[in-house]
file upload_7.cif (mmCIF, N, CA and C atoms)
data_model
loop_
_atom_site.label_atom_id
_atom_site.label_comp_id
_atom_site.auth_asym_id
_atom_site.auth_seq_id
_atom_site.Cartn_x
_atom_site.Cartn_y
_atom_site.Cartn_z
N MET A 238 0.81 -1.20 0.00
CA MET A 238 0.00 0.00 0.00
C MET A 238 0.85 1.26 0.00
N SER A 239 1.91 1.29 0.82
CA SER A 239 2.69 2.51 0.94
C SER A 239 3.47 2.83 -0.33
N ALA A 240 3.63 1.87 -1.24
CA ALA A 240 4.37 2.13 -2.48
C ALA A 240 3.58 3.03 -3.43
N LEU A 241 2.27 3.00 -3.37
CA LEU A 241 1.46 3.77 -4.31
C LEU A 241 1.74 5.27 -4.24
N PRO A 242 1.69 5.91 -3.07
CA PRO A 242 2.01 7.34 -3.04
C PRO A 242 3.42 7.63 -3.53
N GLY A 243 4.38 6.75 -3.24
CA GLY A 243 5.74 6.94 -3.72
C GLY A 243 5.81 6.91 -5.23
N LEU A 244 5.09 6.00 -5.85
CA LEU A 244 5.07 5.93 -7.31
C LEU A 244 4.41 7.16 -7.90
N LEU A 245 3.36 7.66 -7.25
CA LEU A 245 2.71 8.87 -7.76
C LEU A 245 3.65 10.07 -7.67
N ARG A 246 4.38 10.17 -6.56
CA ARG A 246 5.34 11.27 -6.43
C ARG A 246 6.42 11.14 -7.51
N PHE A 247 6.88 9.89 -7.75
CA PHE A 247 7.89 9.66 -8.79
C PHE A 247 7.38 10.13 -10.14
N ARG A 248 6.12 9.85 -10.43
CA ARG A 248 5.55 10.23 -11.73
C ARG A 248 5.68 11.73 -11.97
N PHE A 249 5.32 12.52 -10.98
CA PHE A 249 5.31 13.95 -11.17
C PHE A 249 6.72 14.54 -11.19
N ARG A 250 7.65 13.95 -10.45
CA ARG A 250 9.03 14.41 -10.53
C ARG A 250 9.65 13.96 -11.84
N PHE A 251 9.32 12.77 -12.29
CA PHE A 251 9.87 12.19 -13.51
C PHE A 251 9.55 13.04 -14.72
N ARG A 252 8.37 13.59 -14.76
CA ARG A 252 7.92 14.36 -15.92
C ARG A 252 8.92 15.43 -16.33
N PHE A 253 9.61 16.01 -15.38
CA PHE A 253 10.45 17.15 -15.68
C PHE A 253 11.94 16.84 -15.61
N ARG A 254 12.32 15.69 -15.13
CA ARG A 254 13.72 15.39 -14.93
C ARG A 254 14.39 14.81 -16.17
N PHE A 255 13.74 13.91 -16.87
CA PHE A 255 14.38 13.21 -17.96
C PHE A 255 13.94 13.74 -19.31
N ARG A 256 14.85 13.74 -20.22
CA ARG A 256 14.57 14.09 -21.60
C ARG A 256 15.08 12.96 -22.48
N SER A 257 14.35 12.65 -23.48
CA SER A 257 14.70 11.57 -24.39
C SER A 257 15.84 11.96 -25.31
N ARG A 258 16.58 10.96 -25.76
CA ARG A 258 17.56 11.19 -26.81
C ARG A 258 16.86 11.32 -28.15
N SER A 259 15.66 10.80 -28.21
CA SER A 259 14.89 10.86 -29.45
C SER A 259 14.23 12.23 -29.57
N ARG A 260 14.36 12.84 -30.73
CA ARG A 260 13.72 14.13 -30.95
C ARG A 260 12.27 13.97 -31.36
N ASP A 261 11.90 12.75 -31.70
CA ASP A 261 10.55 12.51 -32.18
C ASP A 261 9.50 12.68 -31.08
N LEU A 262 9.81 12.25 -29.88
CA LEU A 262 8.84 12.28 -28.79
C LEU A 262 9.57 12.49 -27.47
N PRO A 263 9.42 13.65 -26.85
CA PRO A 263 10.09 13.89 -25.56
C PRO A 263 9.50 13.03 -24.44
N CYS A 264 10.32 12.76 -23.46
CA CYS A 264 9.88 11.93 -22.32
C CYS A 264 8.62 12.49 -21.66
N GLN A 265 8.53 13.79 -21.53
CA GLN A 265 7.35 14.38 -20.89
C GLN A 265 6.08 13.99 -21.63
N GLU A 266 6.12 13.98 -22.95
CA GLU A 266 4.94 13.56 -23.71
C GLU A 266 4.64 12.09 -23.50
N VAL A 267 5.68 11.28 -23.40
CA VAL A 267 5.47 9.85 -23.14
C VAL A 267 4.71 9.67 -21.83
N VAL A 268 5.16 10.37 -20.78
CA VAL A 268 4.50 10.28 -19.48
C VAL A 268 3.03 10.66 -19.60
N GLU A 269 2.75 11.69 -20.39
CA GLU A 269 1.37 12.15 -20.56
C GLU A 269 0.53 11.17 -21.37
N MET A 270 1.18 10.33 -22.19
CA MET A 270 0.46 9.40 -23.06
C MET A 270 0.30 8.00 -22.47
N VAL A 271 1.00 7.71 -21.38
CA VAL A 271 1.03 6.33 -20.86
C VAL A 271 -0.36 5.79 -20.53
N THR A 272 -1.20 6.57 -19.91
CA THR A 272 -2.53 6.06 -19.55
C THR A 272 -3.31 5.66 -20.79
N ASP A 273 -3.31 6.52 -21.80
CA ASP A 273 -4.01 6.16 -23.04
C ASP A 273 -3.38 4.94 -23.69
N TYR A 274 -2.07 4.84 -23.63
CA TYR A 274 -1.36 3.68 -24.19
C TYR A 274 -1.83 2.39 -23.50
N LEU A 275 -1.84 2.42 -22.17
CA LEU A 275 -2.23 1.23 -21.42
C LEU A 275 -3.70 0.87 -21.61
N GLU A 276 -4.52 1.86 -21.89
CA GLU A 276 -5.95 1.62 -22.13
C GLU A 276 -6.26 1.32 -23.59
N GLY A 277 -5.24 1.33 -24.45
CA GLY A 277 -5.46 1.06 -25.87
C GLY A 277 -6.18 2.18 -26.59
N ALA A 278 -6.06 3.40 -26.07
CA ALA A 278 -6.82 4.53 -26.62
C ALA A 278 -6.00 5.43 -27.54
N LEU A 279 -4.74 5.09 -27.78
CA LEU A 279 -3.92 5.92 -28.67
C LEU A 279 -4.21 5.60 -30.13
N ALA A 280 -4.12 6.63 -30.95
CA ALA A 280 -4.20 6.42 -32.39
C ALA A 280 -3.01 5.56 -32.81
N PRO A 281 -3.15 4.77 -33.85
CA PRO A 281 -2.05 3.88 -34.27
C PRO A 281 -0.72 4.62 -34.48
N ALA A 282 -0.74 5.80 -35.08
CA ALA A 282 0.50 6.55 -35.32
C ALA A 282 1.15 6.97 -33.99
N ASP A 283 0.34 7.41 -33.02
CA ASP A 283 0.87 7.79 -31.70
C ASP A 283 1.42 6.57 -30.97
N ARG A 284 0.74 5.46 -31.10
CA ARG A 284 1.20 4.23 -30.46
C ARG A 284 2.58 3.83 -31.01
N ARG A 285 2.76 3.92 -32.33
CA ARG A 285 4.05 3.58 -32.94
C ARG A 285 5.14 4.54 -32.46
N ARG A 286 4.83 5.84 -32.40
CA ARG A 286 5.80 6.83 -31.91
C ARG A 286 6.22 6.52 -30.48
N LEU A 287 5.23 6.22 -29.65
CA LEU A 287 5.53 5.92 -28.25
C LEU A 287 6.37 4.65 -28.15
N GLU A 288 6.04 3.63 -28.88
CA GLU A 288 6.79 2.37 -28.83
C GLU A 288 8.21 2.54 -29.36
N ARG A 289 8.41 3.39 -30.38
CA ARG A 289 9.76 3.70 -30.86
C ARG A 289 10.56 4.38 -29.75
N HIS A 290 9.91 5.31 -29.07
CA HIS A 290 10.57 6.00 -27.97
C HIS A 290 10.95 5.01 -26.88
N LEU A 291 10.03 4.15 -26.50
CA LEU A 291 10.30 3.18 -25.43
C LEU A 291 11.46 2.26 -25.78
N ALA A 292 11.59 1.93 -27.06
CA ALA A 292 12.67 1.03 -27.48
C ALA A 292 14.05 1.64 -27.23
N GLY A 293 14.12 2.96 -27.15
CA GLY A 293 15.40 3.61 -26.95
C GLY A 293 15.55 4.38 -25.65
N CYS A 294 14.58 4.29 -24.76
CA CYS A 294 14.64 5.09 -23.53
C CYS A 294 14.39 4.21 -22.31
N GLU A 295 15.45 3.92 -21.59
CA GLU A 295 15.31 3.04 -20.42
C GLU A 295 14.48 3.68 -19.30
N HIS A 296 14.53 5.01 -19.20
CA HIS A 296 13.78 5.69 -18.14
C HIS A 296 12.26 5.55 -18.37
N CYS A 297 11.83 5.79 -19.59
CA CYS A 297 10.40 5.69 -19.89
C CYS A 297 9.93 4.24 -19.85
N THR A 298 10.81 3.33 -20.25
CA THR A 298 10.46 1.91 -20.18
C THR A 298 10.24 1.50 -18.72
N GLU A 299 11.10 1.98 -17.83
CA GLU A 299 10.94 1.70 -16.39
C GLU A 299 9.68 2.36 -15.85
N TYR A 300 9.41 3.59 -16.28
CA TYR A 300 8.19 4.28 -15.84
C TYR A 300 6.95 3.48 -16.26
N LEU A 301 6.92 3.01 -17.50
CA LEU A 301 5.79 2.21 -17.97
C LEU A 301 5.64 0.94 -17.14
N ALA A 302 6.74 0.28 -16.82
CA ALA A 302 6.68 -0.94 -16.00
C ALA A 302 6.12 -0.61 -14.61
N GLN A 303 6.53 0.51 -14.04
CA GLN A 303 6.03 0.91 -12.73
C GLN A 303 4.54 1.23 -12.78
N MET A 304 4.10 1.87 -13.84
CA MET A 304 2.67 2.17 -13.97
C MET A 304 1.86 0.88 -14.11
N ARG A 305 2.37 -0.08 -14.88
CA ARG A 305 1.67 -1.37 -15.01
C ARG A 305 1.56 -2.06 -13.65
N GLU A 306 2.63 -2.01 -12.88
CA GLU A 306 2.61 -2.64 -11.55
C GLU A 306 1.65 -1.89 -10.62
N THR A 307 1.63 -0.58 -10.69
CA THR A 307 0.70 0.21 -9.87
C THR A 307 -0.74 -0.16 -10.20
N ILE A 308 -1.03 -0.25 -11.49
CA ILE A 308 -2.38 -0.61 -11.91
C ILE A 308 -2.73 -2.02 -11.44
N ARG A 309 -1.77 -2.92 -11.57
CA ARG A 309 -2.01 -4.30 -11.14
C ARG A 309 -2.34 -4.35 -9.64
N LEU A 310 -1.56 -3.63 -8.85
CA LEU A 310 -1.78 -3.64 -7.40
C LEU A 310 -3.03 -2.87 -7.01
N ALA A 311 -3.21 -1.70 -7.59
CA ALA A 311 -4.36 -0.87 -7.22
C ALA A 311 -5.66 -1.44 -7.77
N GLY A 312 -5.58 -2.20 -8.83
CA GLY A 312 -6.78 -2.79 -9.42
C GLY A 312 -7.47 -3.79 -8.51
N ARG A 313 -6.76 -4.23 -7.52
CA ARG A 313 -7.33 -5.19 -6.56
C ARG A 313 -7.99 -4.50 -5.38
N LEU A 314 -7.80 -3.21 -5.26
CA LEU A 314 -8.32 -2.48 -4.11
C LEU A 314 -9.79 -2.12 -4.28
N THR A 315 -10.47 -2.13 -3.18
CA THR A 315 -11.83 -1.60 -3.12
C THR A 315 -11.79 -0.47 -2.11
N PRO A 316 -12.76 0.41 -2.13
CA PRO A 316 -12.77 1.49 -1.12
C PRO A 316 -12.70 0.96 0.31
N GLN A 317 -13.24 -0.21 0.54
CA GLN A 317 -13.23 -0.79 1.89
C GLN A 317 -11.83 -1.23 2.31
N ASP A 318 -10.93 -1.42 1.34
CA ASP A 318 -9.56 -1.83 1.66
C ASP A 318 -8.73 -0.68 2.22
N LEU A 319 -9.15 0.54 1.98
CA LEU A 319 -8.37 1.71 2.41
C LEU A 319 -8.71 2.08 3.84
N THR A 320 -7.68 2.29 4.62
CA THR A 320 -7.90 2.78 5.97
C THR A 320 -8.21 4.27 5.88
N PRO A 321 -8.80 4.84 6.92
CA PRO A 321 -9.03 6.29 6.91
C PRO A 321 -7.73 7.08 6.68
N GLU A 322 -6.62 6.60 7.24
CA GLU A 322 -5.34 7.27 7.05
C GLU A 322 -4.92 7.23 5.58
N MET A 323 -5.10 6.10 4.92
CA MET A 323 -4.77 5.99 3.49
C MET A 323 -5.62 6.95 2.66
N ARG A 324 -6.88 7.02 2.98
CA ARG A 324 -7.76 7.94 2.24
C ARG A 324 -7.29 9.39 2.41
N THR A 325 -6.92 9.74 3.61
CA THR A 325 -6.43 11.09 3.90
C THR A 325 -5.13 11.34 3.14
N ASP A 326 -4.21 10.37 3.18
CA ASP A 326 -2.93 10.53 2.47
C ASP A 326 -3.14 10.71 0.97
N LEU A 327 -4.00 9.90 0.37
CA LEU A 327 -4.25 10.00 -1.06
C LEU A 327 -4.93 11.32 -1.42
N THR A 328 -5.86 11.74 -0.59
CA THR A 328 -6.54 13.01 -0.83
C THR A 328 -5.57 14.16 -0.72
N ASP A 329 -4.71 14.15 0.29
CA ASP A 329 -3.71 15.21 0.46
C ASP A 329 -2.73 15.23 -0.70
N LEU A 330 -2.29 14.07 -1.14
CA LEU A 330 -1.37 13.98 -2.27
C LEU A 330 -2.01 14.56 -3.52
N TYR A 331 -3.25 14.22 -3.76
CA TYR A 331 -3.97 14.74 -4.92
C TYR A 331 -4.11 16.26 -4.83
N ARG A 332 -4.46 16.76 -3.68
CA ARG A 332 -4.64 18.22 -3.52
C ARG A 332 -3.31 18.96 -3.74
N ARG A 333 -2.21 18.40 -3.23
CA ARG A 333 -0.90 19.03 -3.45
C ARG A 333 -0.55 19.05 -4.92
N TRP A 334 -0.83 17.94 -5.60
CA TRP A 334 -0.58 17.86 -7.03
C TRP A 334 -1.39 18.90 -7.79
N ARG A 335 -2.66 19.05 -7.44
CA ARG A 335 -3.52 20.01 -8.13
C ARG A 335 -3.03 21.45 -7.93
N THR A 336 -2.54 21.77 -6.74
CA THR A 336 -2.06 23.13 -6.52
C THR A 336 -0.72 23.39 -7.21
N GLU A 337 0.07 22.33 -7.46
CA GLU A 337 1.34 22.49 -8.16
C GLU A 337 1.16 22.55 -9.67
N SER A 338 0.04 22.09 -10.17
CA SER A 338 -0.17 22.04 -11.62
C SER A 338 -0.50 23.38 -12.19
#

call {"tool": "encode", "arguments": {"input": "upload_7.cif", "output": "structure tokens"}}
result
Amino acid sequence: MSALPGLLRFRFRFRFRFRSRSRDLPCQEVVEMVTDYLEGALAPADRRRLERHLAGCEHCTEYLAQMRETIRLAGRLTPQDLTPEMRTDLTDLYRRWRTES
């Protein structure tokens, strides 16, 4: 459970720290596209661009693996699984993110 907030914090720091060697698609755009990629919602051309980027960027490949693991773990949760403290932590994290955006 405690890994989830850490991964979320990593996501937001990651967006601005790494830049791709590929000029075709910057790492920041990859981070923004990952959810659509995982949901199969990208247009075929965008999917190919993202996959080309992933083939040459170890940082984004690791980020994608972490997001898949987060989804796998969080997908098993129900609201009843969260303690009041967890709910508070997630709400606070979300509010901090919204004010930083």

call {"tool": "atom_distance", "arguments": {"input": "upload_7.cif", "atom1": "atom N of Ala292 of chain A", "atom2": "atom CA of Leu279 of chain A"}}
result
16.1 Å

call {"tool": "resolve_selection", "arguments": {"input": "upload_7.cif", "expression": "the PyMOL selection byres (((chain A and resi 268 and name CA) around 8) and name CA)", "output": "JSON, numbers by chain"}}
result
{"A": [248, 252, 264, 265, 266, 267, 269, 270, 271, 297, 300]}

call {"tool": "atom_distance", "arguments": {"input": "upload_7.cif", "atom1": "atom C of His290 of chain A", "atom2": "atom C of Leu262 of chain A"}}
result
7.6 Å

call {"tool": "atom_distance", "arguments": {"input": "upload_7.cif", "atom1": "atom CA of Thr336 of chain A", "atom2": "atom CA of Thr272 of chain A"}}
result
21.5 Å

call {"tool": "decode", "arguments": {"input": "upload_7.cif", "residues": "segment 261-303 of chain A", "atoms": "N, CA and C atoms", "output": "compact mmCIF listing (two decimals), in the first residue's frame"}}
result
# COMPACT_ATOMS: atom_id res chain seq x y z
N ASP A 261 11.90 12.75 -31.70
CA ASP A 261 10.55 12.51 -32.18
C ASP A 261 9.50 12.68 -31.08
N LEU A 262 9.81 12.25 -29.88
CA LEU A 262 8.84 12.28 -28.79
C LEU A 262 9.57 12.49 -27.47
N PRO A 263 9.42 13.65 -26.85
CA PRO A 263 10.09 13.89 -25.56
C PRO A 263 9.50 13.03 -24.44
N CYS A 264 10.32 12.76 -23.46
CA CYS A 264 9.88 11.93 -22.32
C CYS A 264 8.62 12.49 -21.66
N GLN A 265 8.53 13.79 -21.53
CA GLN A 265 7.35 14.38 -20.89
C GLN A 265 6.08 13.99 -21.63
N GLU A 266 6.12 13.98 -22.95
CA GLU A 266 4.94 13.56 -23.71
C GLU A 266 4.64 12.09 -23.50
N VAL A 267 5.68 11.28 -23.40
CA VAL A 267 5.47 9.85 -23.14
C VAL A 267 4.71 9.67 -21.83
N VAL A 268 5.16 10.37 -20.78
CA VAL A 268 4.50 10.28 -19.48
C VAL A 268 3.03 10.66 -19.60
N GLU A 269 2.75 11.69 -20.39
CA GLU A 269 1.37 12.15 -20.56
C GLU A 269 0.53 11.17 -21.37
N MET A 270 1.18 10.33 -22.19
CA MET A 270 0.46 9.40 -23.06
C MET A 270 0.30 8.00 -22.47
N VAL A 271 1.00 7.71 -21.38
CA VAL A 271 1.03 6.33 -20.86
C VAL A 271 -0.36 5.79 -20.53
N THR A 272 -1.20 6.57 -19.91
CA THR A 272 -2.53 6.06 -19.55
C THR A 272 -3.31 5.66 -20.79
N ASP A 273 -3.31 6.52 -21.80
CA ASP A 273 -4.01 6.16 -23.04
C ASP A 273 -3.38 4.94 -23.69
N TYR A 274 -2.07 4.84 -23.63
CA TYR A 274 -1.36 3.68 -24.19
C TYR A 274 -1.83 2.39 -23.50
N LEU A 275 -1.84 2.42 -22.17
CA LEU A 275 -2.23 1.23 -21.42
C LEU A 275 -3.70 0.87 -21.61
N GLU A 276 -4.52 1.86 -21.89
CA GLU A 276 -5.95 1.62 -22.13
C GLU A 276 -6.26 1.32 -23.59
N GLY A 277 -5.24 1.33 -24.45
CA GLY A 277 -5.46 1.06 -25.87
C GLY A 277 -6.18 2.18 -26.59
N ALA A 278 -6.06 3.40 -26.07
CA ALA A 278 -6.82 4.53 -26.62
C ALA A 278 -6.00 5.43 -27.54
N LEU A 279 -4.74 5.09 -27.78
CA LEU A 279 -3.92 5.92 -28.67
C LEU A 279 -4.21 5.60 -30.13
N ALA A 280 -4.12 6.63 -30.95
CA ALA A 280 -4.20 6.42 -32.39
C ALA A 280 -3.01 5.56 -32.81
N PRO A 281 -3.15 4.77 -33.85
CA PRO A 281 -2.05 3.88 -34.27
C PRO A 281 -0.72 4.62 -34.48
N ALA A 282 -0.74 5.80 -35.08
CA ALA A 282 0.50 6.55 -35.32
C ALA A 282 1.15 6.97 -33.99
N ASP A 283 0.34 7.41 -33.02
CA ASP A 283 0.87 7.79 -31.70
C ASP A 283 1.42 6.57 -30.97
N ARG A 284 0.74 5.46 -31.10
CA ARG A 284 1.20 4.23 -30.46
C ARG A 284 2.58 3.83 -31.01
N ARG A 285 2.76 3.92 -32.33
CA ARG A 285 4.05 3.58 -32.94
C ARG A 285 5.14 4.54 -32.46
N ARG A 286 4.83 5.84 -32.40
CA ARG A 286 5.80 6.83 -31.91
C ARG A 286 6.22 6.52 -30.48
N LEU A 287 5.23 6.22 -29.65
CA LEU A 287 5.53 5.92 -28.25
C LEU A 287 6.37 4.65 -28.15
N GLU A 288 6.04 3.63 -28.88
CA GLU A 288 6.79 2.37 -28.83
C GLU A 288 8.21 2.54 -29.36
N ARG A 289 8.41 3.39 -30.38
CA ARG A 289 9.76 3.70 -30.86
C ARG A 289 10.56 4.38 -29.75
N HIS A 290 9.91 5.31 -29.07
CA HIS A 290 10.57 6.00 -27.97
C HIS A 290 10.95 5.01 -26.88
N LEU A 291 10.03 4.15 -26.50
CA LEU A 291 10.30 3.18 -25.43
C LEU A 291 11.46 2.26 -25.78
N ALA A 292 11.59 1.93 -27.06
CA ALA A 292 12.67 1.03 -27.48
C ALA A 292 14.05 1.64 -27.23
N GLY A 293 14.12 2.96 -27.15
CA GLY A 293 15.40 3.61 -26.95
C GLY A 293 15.55 4.38 -25.65
N CYS A 294 14.58 4.29 -24.76
CA CYS A 294 14.64 5.09 -23.53
C CYS A 294 14.39 4.21 -22.31
N GLU A 295 15.45 3.92 -21.59
CA GLU A 295 15.31 3.04 -20.42
C GLU A 295 14.48 3.68 -19.30
N HIS A 296 14.53 5.01 -19.20
CA HIS A 296 13.78 5.69 -18.14
C HIS A 296 12.26 5.55 -18.37
N CYS A 297 11.83 5.79 -19.59
CA CYS A 297 10.40 5.69 -19.89
C CYS A 297 9.93 4.24 -19.85
N THR A 298 10.81 3.33 -20.25
CA THR A 298 10.46 1.91 -20.18
C THR A 298 10.24 1.50 -18.72
N GLU A 299 11.10 1.98 -17.83
CA GLU A 299 10.94 1.70 -16.39
C GLU A 299 9.68 2.36 -15.85
N TYR A 300 9.41 3.59 -16.28
CA TYR A 300 8.19 4.28 -15.84
C TYR A 300 6.95 3.48 -16.26
N LEU A 301 6.92 3.01 -17.50
CA LEU A 301 5.79 2.21 -17.97
C LEU A 301 5.64 0.94 -17.14
N ALA A 302 6.74 0.28 -16.82
CA ALA A 302 6.68 -0.94 -16.00
C ALA A 302 6.12 -0.61 -14.61
N GLN A 303 6.53 0.51 -14.04
CA GLN A 303 6.03 0.91 -12.73
C GLN A 303 4.54 1.23 -12.78
